[in-house]
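File shown: my_file-v7.txt (compact mmCIF, C-alpha atoms and all ligand atoms).
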```txt
# COMPACT_ATOMS: atom_id res chain seq x y z
CA MET A 1344 -15.36 -12.61 22.20
CA MET A 1345 -12.80 -13.37 19.49
CA LYS A 1346 -10.14 -10.76 18.99
CA LEU A 1347 -10.42 -8.96 15.65
CA ARG A 1348 -7.73 -10.03 13.21
CA LYS A 1349 -6.26 -6.83 11.87
CA ALA A 1350 -3.73 -6.53 9.07
CA LEU A 1351 -1.63 -3.56 8.05
CA PHE A 1352 -0.80 -2.98 4.38
CA PRO A 1353 1.91 -0.30 4.47
CA GLY A 1354 3.48 1.50 1.54
CA SER A 1355 4.20 4.80 -0.16
CA PHE A 1356 1.34 4.45 -2.63
CA ASP A 1357 2.91 7.11 -4.84
CA PRO A 1358 0.48 6.44 -6.48
CA ILE A 1359 -1.67 3.43 -5.65
CA THR A 1360 -1.91 0.97 -8.55
CA LEU A 1361 -4.34 -1.80 -9.49
CA GLY A 1362 -1.70 -4.18 -8.09
CA HIS A 1363 -2.00 -2.73 -4.58
CA ILE A 1364 -5.79 -2.78 -4.84
CA GLU A 1365 -5.83 -6.44 -5.77
CA ILE A 1366 -3.79 -7.35 -2.69
CA VAL A 1367 -5.97 -5.23 -0.39
CA LYS A 1368 -9.18 -6.77 -1.78
CA ARG A 1369 -7.89 -10.28 -1.26
CA GLY A 1370 -6.58 -9.31 2.19
CA SER A 1371 -9.97 -7.90 3.17
CA LYS A 1372 -11.42 -11.40 2.76
CA LEU A 1373 -8.76 -12.97 4.97
CA PHE A 1374 -8.79 -10.47 7.83
CA ASP A 1375 -11.51 -8.74 9.86
CA LYS A 1376 -9.88 -5.41 9.10
CA VAL A 1377 -7.19 -4.17 6.73
CA VAL A 1378 -5.51 -0.85 7.47
CA VAL A 1379 -3.90 0.61 4.34
CA ALA A 1380 -1.40 3.13 5.66
CA ILE A 1381 1.07 5.49 4.07
CA GLY A 1382 4.42 5.40 5.83
CA VAL A 1383 5.85 8.91 5.77
CA ASN A 1384 9.59 9.23 5.35
CA SER A 1385 10.46 12.88 5.82
CA LYS A 1386 13.70 12.54 3.80
CA LYS A 1387 11.99 11.06 0.74
CA LYS A 1388 10.66 13.18 -2.12
CA TYR A 1389 7.24 12.05 -3.30
CA PHE A 1390 5.46 12.66 -6.60
CA PHE A 1391 2.04 13.12 -4.99
CA SER A 1392 1.57 14.97 -1.69
CA LEU A 1393 0.50 13.00 1.37
CA GLU A 1394 -2.93 14.64 1.15
CA GLU A 1395 -3.40 13.59 -2.49
CA ARG A 1396 -2.24 10.04 -1.74
CA LEU A 1397 -4.63 9.77 1.20
CA ARG A 1398 -7.48 11.12 -0.89
CA MET A 1399 -6.77 8.61 -3.68
CA LEU A 1400 -6.66 5.73 -1.15
CA ARG A 1401 -9.93 6.82 0.49
CA GLU A 1402 -11.68 6.99 -2.87
CA CYS A 1403 -10.41 3.51 -3.81
CA PHE A 1404 -11.58 1.77 -0.67
CA ALA A 1405 -14.71 3.75 0.20
CA ASP A 1406 -16.89 0.80 -0.79
CA ILE A 1407 -15.00 -1.90 1.14
CA GLU A 1408 -16.42 -1.90 4.63
CA ASN A 1409 -13.48 -3.45 6.49
CA VAL A 1410 -10.70 -1.38 4.87
CA GLU A 1411 -9.41 1.70 6.67
CA VAL A 1412 -6.95 4.29 5.37
CA GLY A 1413 -4.32 6.16 7.36
CA SER A 1414 -0.74 7.38 7.57
CA TYR A 1415 2.09 7.23 10.08
CA ASN A 1416 5.57 8.49 10.84
CA GLY A 1417 8.28 6.26 12.23
CA LEU A 1418 8.53 2.51 12.36
CA THR A 1419 5.85 0.31 10.82
CA VAL A 1420 6.03 -2.05 13.82
CA ASP A 1421 5.33 0.81 16.22
CA PHE A 1422 2.27 1.86 14.22
CA ALA A 1423 1.09 -1.77 14.20
CA ARG A 1424 1.61 -2.17 17.93
CA GLU A 1425 -0.15 1.11 18.77
CA ASN A 1426 -3.14 0.04 16.72
CA GLY A 1427 -3.42 -3.55 17.95
CA ILE A 1428 -2.50 -4.94 14.54
CA GLN A 1429 -1.23 -8.56 14.49
CA PHE A 1430 -0.53 -9.07 10.77
CA LEU A 1431 1.58 -7.29 8.19
CA LEU A 1432 0.28 -7.84 4.68
CA ARG A 1433 2.72 -7.65 1.76
CA GLY A 1434 2.33 -8.29 -1.93
CA LEU A 1435 4.93 -10.29 -3.89
CA ARG A 1436 5.34 -9.77 -7.61
CA ASN A 1437 8.49 -11.83 -8.08
CA ALA A 1438 11.59 -13.20 -6.41
CA SER A 1439 13.14 -9.73 -6.09
CA ASP A 1440 10.18 -8.62 -4.00
CA LEU A 1441 10.75 -11.59 -1.70
CA ASN A 1442 14.49 -10.86 -1.45
CA TYR A 1443 13.67 -7.29 -0.52
CA GLU A 1444 10.94 -8.22 1.96
CA GLN A 1445 12.65 -11.05 3.82
CA PRO A 1446 15.22 -9.08 5.85
CA ILE A 1447 12.59 -6.46 6.67
CA ALA A 1448 10.25 -9.17 7.96
CA ILE A 1449 13.04 -10.64 10.10
CA ILE A 1450 13.96 -7.28 11.62
CA ASN A 1451 10.29 -6.52 12.22
CA ALA A 1452 9.87 -9.88 13.96
CA HIS A 1453 12.91 -9.05 16.09
CA MET A 1454 11.27 -5.80 17.20
CA TYR A 1455 7.70 -7.11 17.47
CA PRO A 1456 7.57 -10.93 17.57
CA GLU A 1457 3.75 -11.01 17.76
CA LEU A 1458 3.48 -9.38 14.34
CA GLU A 1459 3.16 -12.02 11.62
CA THR A 1460 4.12 -11.01 8.07
CA VAL A 1461 1.77 -12.53 5.50
CA TYR A 1462 2.55 -12.52 1.77
CA LEU A 1463 0.13 -12.70 -1.09
CA ALA A 1464 1.53 -13.42 -4.54
CA SER A 1465 0.19 -11.09 -7.20
CA MET A 1466 -1.95 -12.33 -10.07
CA PRO A 1467 -0.65 -12.30 -13.66
CA ASN A 1468 -2.76 -9.28 -14.57
CA THR A 1469 -0.99 -7.07 -11.98
CA THR A 1470 2.51 -8.55 -11.64
CA HIS A 1471 3.98 -5.91 -13.96
CA LEU A 1472 2.58 -2.93 -12.05
CA SER A 1473 4.72 -0.67 -9.89
CA SER A 1474 4.29 2.89 -8.67
CA SER A 1475 7.65 3.86 -10.20
CA LEU A 1476 6.62 2.71 -13.70
CA VAL A 1477 3.30 4.45 -13.30
CA ARG A 1478 5.11 7.70 -12.43
CA GLU A 1479 7.07 7.41 -15.69
CA VAL A 1480 3.82 6.92 -17.60
CA ILE A 1481 2.39 10.03 -15.90
CA LYS A 1482 5.49 12.12 -16.68
CA TYR A 1483 5.36 11.28 -20.36
CA LYS A 1484 1.56 11.52 -20.56
CA GLY A 1485 1.00 7.86 -21.41
CA VAL A 1486 -2.20 5.84 -21.08
CA LEU A 1487 -3.03 5.19 -17.42
CA GLU A 1488 -6.19 3.15 -17.87
CA GLY A 1489 -5.57 -0.45 -16.82
CA LEU A 1490 -2.67 0.53 -14.54
CA VAL A 1491 -4.27 2.66 -11.83
CA PRO A 1492 -7.75 3.28 -10.42
CA ASN A 1493 -9.93 6.22 -11.47
CA SER A 1494 -9.03 8.16 -8.34
CA VAL A 1495 -5.43 8.38 -9.62
CA ILE A 1496 -6.48 9.32 -13.16
CA GLU A 1497 -8.59 12.15 -11.68
CA ALA A 1498 -5.72 13.31 -9.46
CA VAL A 1499 -3.41 13.47 -12.49
CA LYS A 1500 -5.97 15.58 -14.36
CA ARG A 1501 -6.21 17.98 -11.39
CA MET A 1502 -2.41 18.15 -11.22
CA ARG A 1503 -2.20 19.10 -14.91
CA MET A 1504 -4.88 21.78 -14.57
CA SER A 1505 -3.22 23.53 -11.64
P1 LIG A 1601 7.18 1.07 -1.07
O1 LIG A 1601 6.94 2.02 0.03
O2 LIG A 1601 8.06 -0.09 -0.68
O3 LIG A 1601 7.49 1.73 -2.38
P2 LIG A 1601 4.77 0.32 -2.36
O4 LIG A 1601 3.77 1.39 -2.08
O5 LIG A 1601 5.36 0.28 -3.71
O6 LIG A 1601 5.82 0.34 -1.22
O7 LIG A 1601 4.14 -1.13 -2.13
C1 LIG A 1601 3.54 -1.57 -0.94
C2 LIG A 1601 3.29 -3.06 -1.01
O8 LIG A 1601 2.59 -3.40 -2.19
C3 LIG A 1601 4.53 -3.95 -1.05
O9 LIG A 1601 4.26 -5.13 -0.32
C4 LIG A 1601 4.69 -4.28 -2.50
O10 LIG A 1601 5.39 -5.48 -2.71
C5 LIG A 1601 3.25 -4.42 -2.89
N1 LIG A 1601 3.00 -4.25 -4.33
C6 LIG A 1601 3.34 -3.22 -5.10
N2 LIG A 1601 2.95 -3.40 -6.38
C7 LIG A 1601 2.32 -4.61 -6.41
C8 LIG A 1601 1.71 -5.40 -7.44
N3 LIG A 1601 1.66 -4.98 -8.69
N4 LIG A 1601 1.19 -6.58 -7.10
C9 LIG A 1601 1.26 -7.03 -5.82
N5 LIG A 1601 1.82 -6.35 -4.82
C10 LIG A 1601 2.36 -5.16 -5.09
```
Rewrite the coordinates I just gave you, this time as C-alpha cells.
Amino acid sequence: MMKLRKALFPGSFDPITLGHIEIVKRGSKLFDKVVVAIGVNSKKKYFFSLEERLRMLRECFADIENVEVGSYNGLTVDFARENGIQFLLRGLRNASDLNYEQPIAIINAHMYPELETVYLASMPNTTHLSSSLVREVIKYKGVLEGLVPNSVIEAVKRMRMS
C-alpha cells in the first residue's frame, strides 16, 4: 500500500485568516492529509487563548475531510516526525515571507532531512492578509468580513460580551 502523504501547516493562527484557509484548501488537494497545528510558544503572549484558536480552526475545517487540527509544544520538526509527517506546508505572500522562511527550512532540513518544505504562493485576494493586521482591526472594532472566517467573527463577538 502507498504511504499516506501528510503535510503539516504550522502557525500561531492568532487568529486564522482567509489567507491561511486558502493555503490549507489548496494543500488538501495536493496531500492525502493536512494537519493544521498551533505551535505553542510558552513565552509568547497571544490575543486569543489556545482553546479559542483551536475551536476557530476546528470550525473552519469541519467540512474538509482530510484536514485535521491540533497543537504542539516544542520543535515543529519533532511534531512532524512523531506524527509521520513528510511535508511542511508554508504560504508565501511576498519576498519577505520567503526571506523569513528560507533559513527556517534549512535548519529544519538539517534536523529532519526527510521533511520537505513545500511553498504555495498566495492568491491576489489574500496576499494582504496577516493575523497581526487582523488583530489591529479587532482592537479598533473595524470590519472583519472579508478578512477572516465566520468562526473568528463569532469568537470576537463572544470576547466582547464577556
Ligand atoms: P506565525 O506563527 O509565523 O505567525 P502564521 O500563523 O501567521 O504564523 O502563519 C502560518 C503560515 O501561514 C505561514 O506559512 C505564513 O506565511 C502563512 N500565511 C499567513 N498569512 C497568509 C496569507 N495571507 N496568504 C498565504 N499564506 C499566509
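Excluding A:Leu1458 and any residue on its chain fewer than 6 positions from it, the residues at most 12 Å away by all atoms listed in the file are Arg1348, Lys1349, Ala1350, Leu1351, Thr1419, Val1420, Asp1421, Phe1422, Ala1423, Arg1424, Glu1425, Asn1426, Gly1427, Ile1428, Gln1429, Phe1430, Leu1431, Leu1432, Ala1448, Ile1449, Ile1450, Asn1451 and Ala1452 of chain A.
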Please save C-alpha atoms of the selected residues as a PDB file, in the coordinates of the input.
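Written out: selection36.pdb:
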```pdb
ATOM      1  CA  ARG A1348      -7.730 -10.030  13.210  1.00  0.00           C
ATOM      2  CA  LYS A1349      -6.260  -6.830  11.870  1.00  0.00           C
ATOM      3  CA  ALA A1350      -3.730  -6.530   9.070  1.00  0.00           C
ATOM      4  CA  LEU A1351      -1.630  -3.560   8.050  1.00  0.00           C
ATOM      5  CA  THR A1419       5.850   0.310  10.820  1.00  0.00           C
ATOM      6  CA  VAL A1420       6.030  -2.050  13.820  1.00  0.00           C
ATOM      7  CA  ASP A1421       5.330   0.810  16.220  1.00  0.00           C
ATOM      8  CA  PHE A1422       2.270   1.860  14.220  1.00  0.00           C
ATOM      9  CA  ALA A1423       1.090  -1.770  14.200  1.00  0.00           C
ATOM     10  CA  ARG A1424       1.610  -2.170  17.930  1.00  0.00           C
ATOM     11  CA  GLU A1425      -0.150   1.110  18.770  1.00  0.00           C
ATOM     12  CA  ASN A1426      -3.140   0.040  16.720  1.00  0.00           C
ATOM     13  CA  GLY A1427      -3.420  -3.550  17.950  1.00  0.00           C
ATOM     14  CA  ILE A1428      -2.500  -4.940  14.540  1.00  0.00           C
ATOM     15  CA  GLN A1429      -1.230  -8.560  14.490  1.00  0.00           C
ATOM     16  CA  PHE A1430      -0.530  -9.070  10.770  1.00  0.00           C
ATOM     17  CA  LEU A1431       1.580  -7.290   8.190  1.00  0.00           C
ATOM     18  CA  LEU A1432       0.280  -7.840   4.680  1.00  0.00           C
ATOM     19  CA  ALA A1448      10.250  -9.170   7.960  1.00  0.00           C
ATOM     20  CA  ILE A1449      13.040 -10.640  10.100  1.00  0.00           C
ATOM     21  CA  ILE A1450      13.960  -7.280  11.620  1.00  0.00           C
ATOM     22  CA  ASN A1451      10.290  -6.520  12.220  1.00  0.00           C
ATOM     23  CA  ALA A1452       9.870  -9.880  13.960  1.00  0.00           C
TER      24      ALA A1452
END
```
Enumerate as a JSON list (two decimals) with C-alpha atoms, in the coordinates of the input the residues within 7 Å of ligand LIG 1601 (chain A), counting only C-alpha atoms and all ligand atoms.
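The resulting part24.json:
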```json
[["chain", "number", "residue", "atom", "x", "y", "z"],
["A", 1352, "PHE", "CA", -0.80, -2.98, 4.38],
["A", 1353, "PRO", "CA", 1.91, -0.30, 4.47],
["A", 1354, "GLY", "CA", 3.48, 1.50, 1.54],
["A", 1355, "SER", "CA", 4.20, 4.80, -0.16],
["A", 1356, "PHE", "CA", 1.34, 4.45, -2.63],
["A", 1357, "ASP", "CA", 2.91, 7.11, -4.84],
["A", 1359, "ILE", "CA", -1.67, 3.43, -5.65],
["A", 1360, "THR", "CA", -1.91, 0.97, -8.55],
["A", 1361, "LEU", "CA", -4.34, -1.80, -9.49],
["A", 1362, "GLY", "CA", -1.70, -4.18, -8.09],
["A", 1363, "HIS", "CA", -2.00, -2.73, -4.58],
["A", 1366, "ILE", "CA", -3.79, -7.35, -2.69],
["A", 1432, "LEU", "CA", 0.28, -7.84, 4.68],
["A", 1433, "ARG", "CA", 2.72, -7.65, 1.76],
["A", 1434, "GLY", "CA", 2.33, -8.29, -1.93],
["A", 1435, "LEU", "CA", 4.93, -10.29, -3.89],
["A", 1436, "ARG", "CA", 5.34, -9.77, -7.61],
["A", 1440, "ASP", "CA", 10.18, -8.62, -4.00],
["A", 1464, "ALA", "CA", 1.53, -13.42, -4.54],
["A", 1465, "SER", "CA", 0.19, -11.09, -7.20],
["A", 1469, "THR", "CA", -0.99, -7.07, -11.98],
["A", 1470, "THR", "CA", 2.51, -8.55, -11.64],
["A", 1471, "HIS", "CA", 3.98, -5.91, -13.96],
["A", 1472, "LEU", "CA", 2.58, -2.93, -12.05],
["A", 1473, "SER", "CA", 4.72, -0.67, -9.89],
["A", 1474, "SER", "CA", 4.29, 2.89, -8.67]]
```
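Closest approach to A:Val1378 from the set A:Leu1400, A:Pro1358, A:Val1410, A:Val1477 is made by A:Val1410, with distances taken over only C-alpha atoms.
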*Closest to A:Glu1497 among A:Pro1467, A:Asn1437, A:Glu1402, A:Lys1387, using all atoms listed in the file?*
A:Glu1402
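With all atoms listed in the file as the atoms that count, the residue of A:Leu1347, A:Ser1392, A:Met1466, A:Pro1446 with the shortest distance to A:Phe1374 is A:Leu1347.
Distances from A:Asp1375, A:Tyr1389, A:Asn1384, A:Lys1368 to A:Asp1406 were compared using all atoms listed in the file, and the smallest one belongs to A:Lys1368.
With all atoms listed in the file as the atoms that count, the residue of A:Val1461, A:Cys1403, A:Val1495, A:Leu1476 with the shortest distance to A:Val1379 is A:Cys1403.
Coordinates place atom CA of A:Gly1413 at a distance of 10.1 Å from atom CA of A:Arg1398.
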*With only C-alpha atoms as the atoms that count, which of A:Glu1411, A:Ser1475, A:Arg1501, A:Met1454 lies nearest to A:Lys1376?*
A:Glu1411
_If I take atom CA of A:Leu1397 and atom CA of A:Ser1439, how far is one from the other in Å, to one decimal?_
27.4 Å
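Atom CA of A:Phe1404 is positioned 13.6 Å from atom CA of A:Lys1372.
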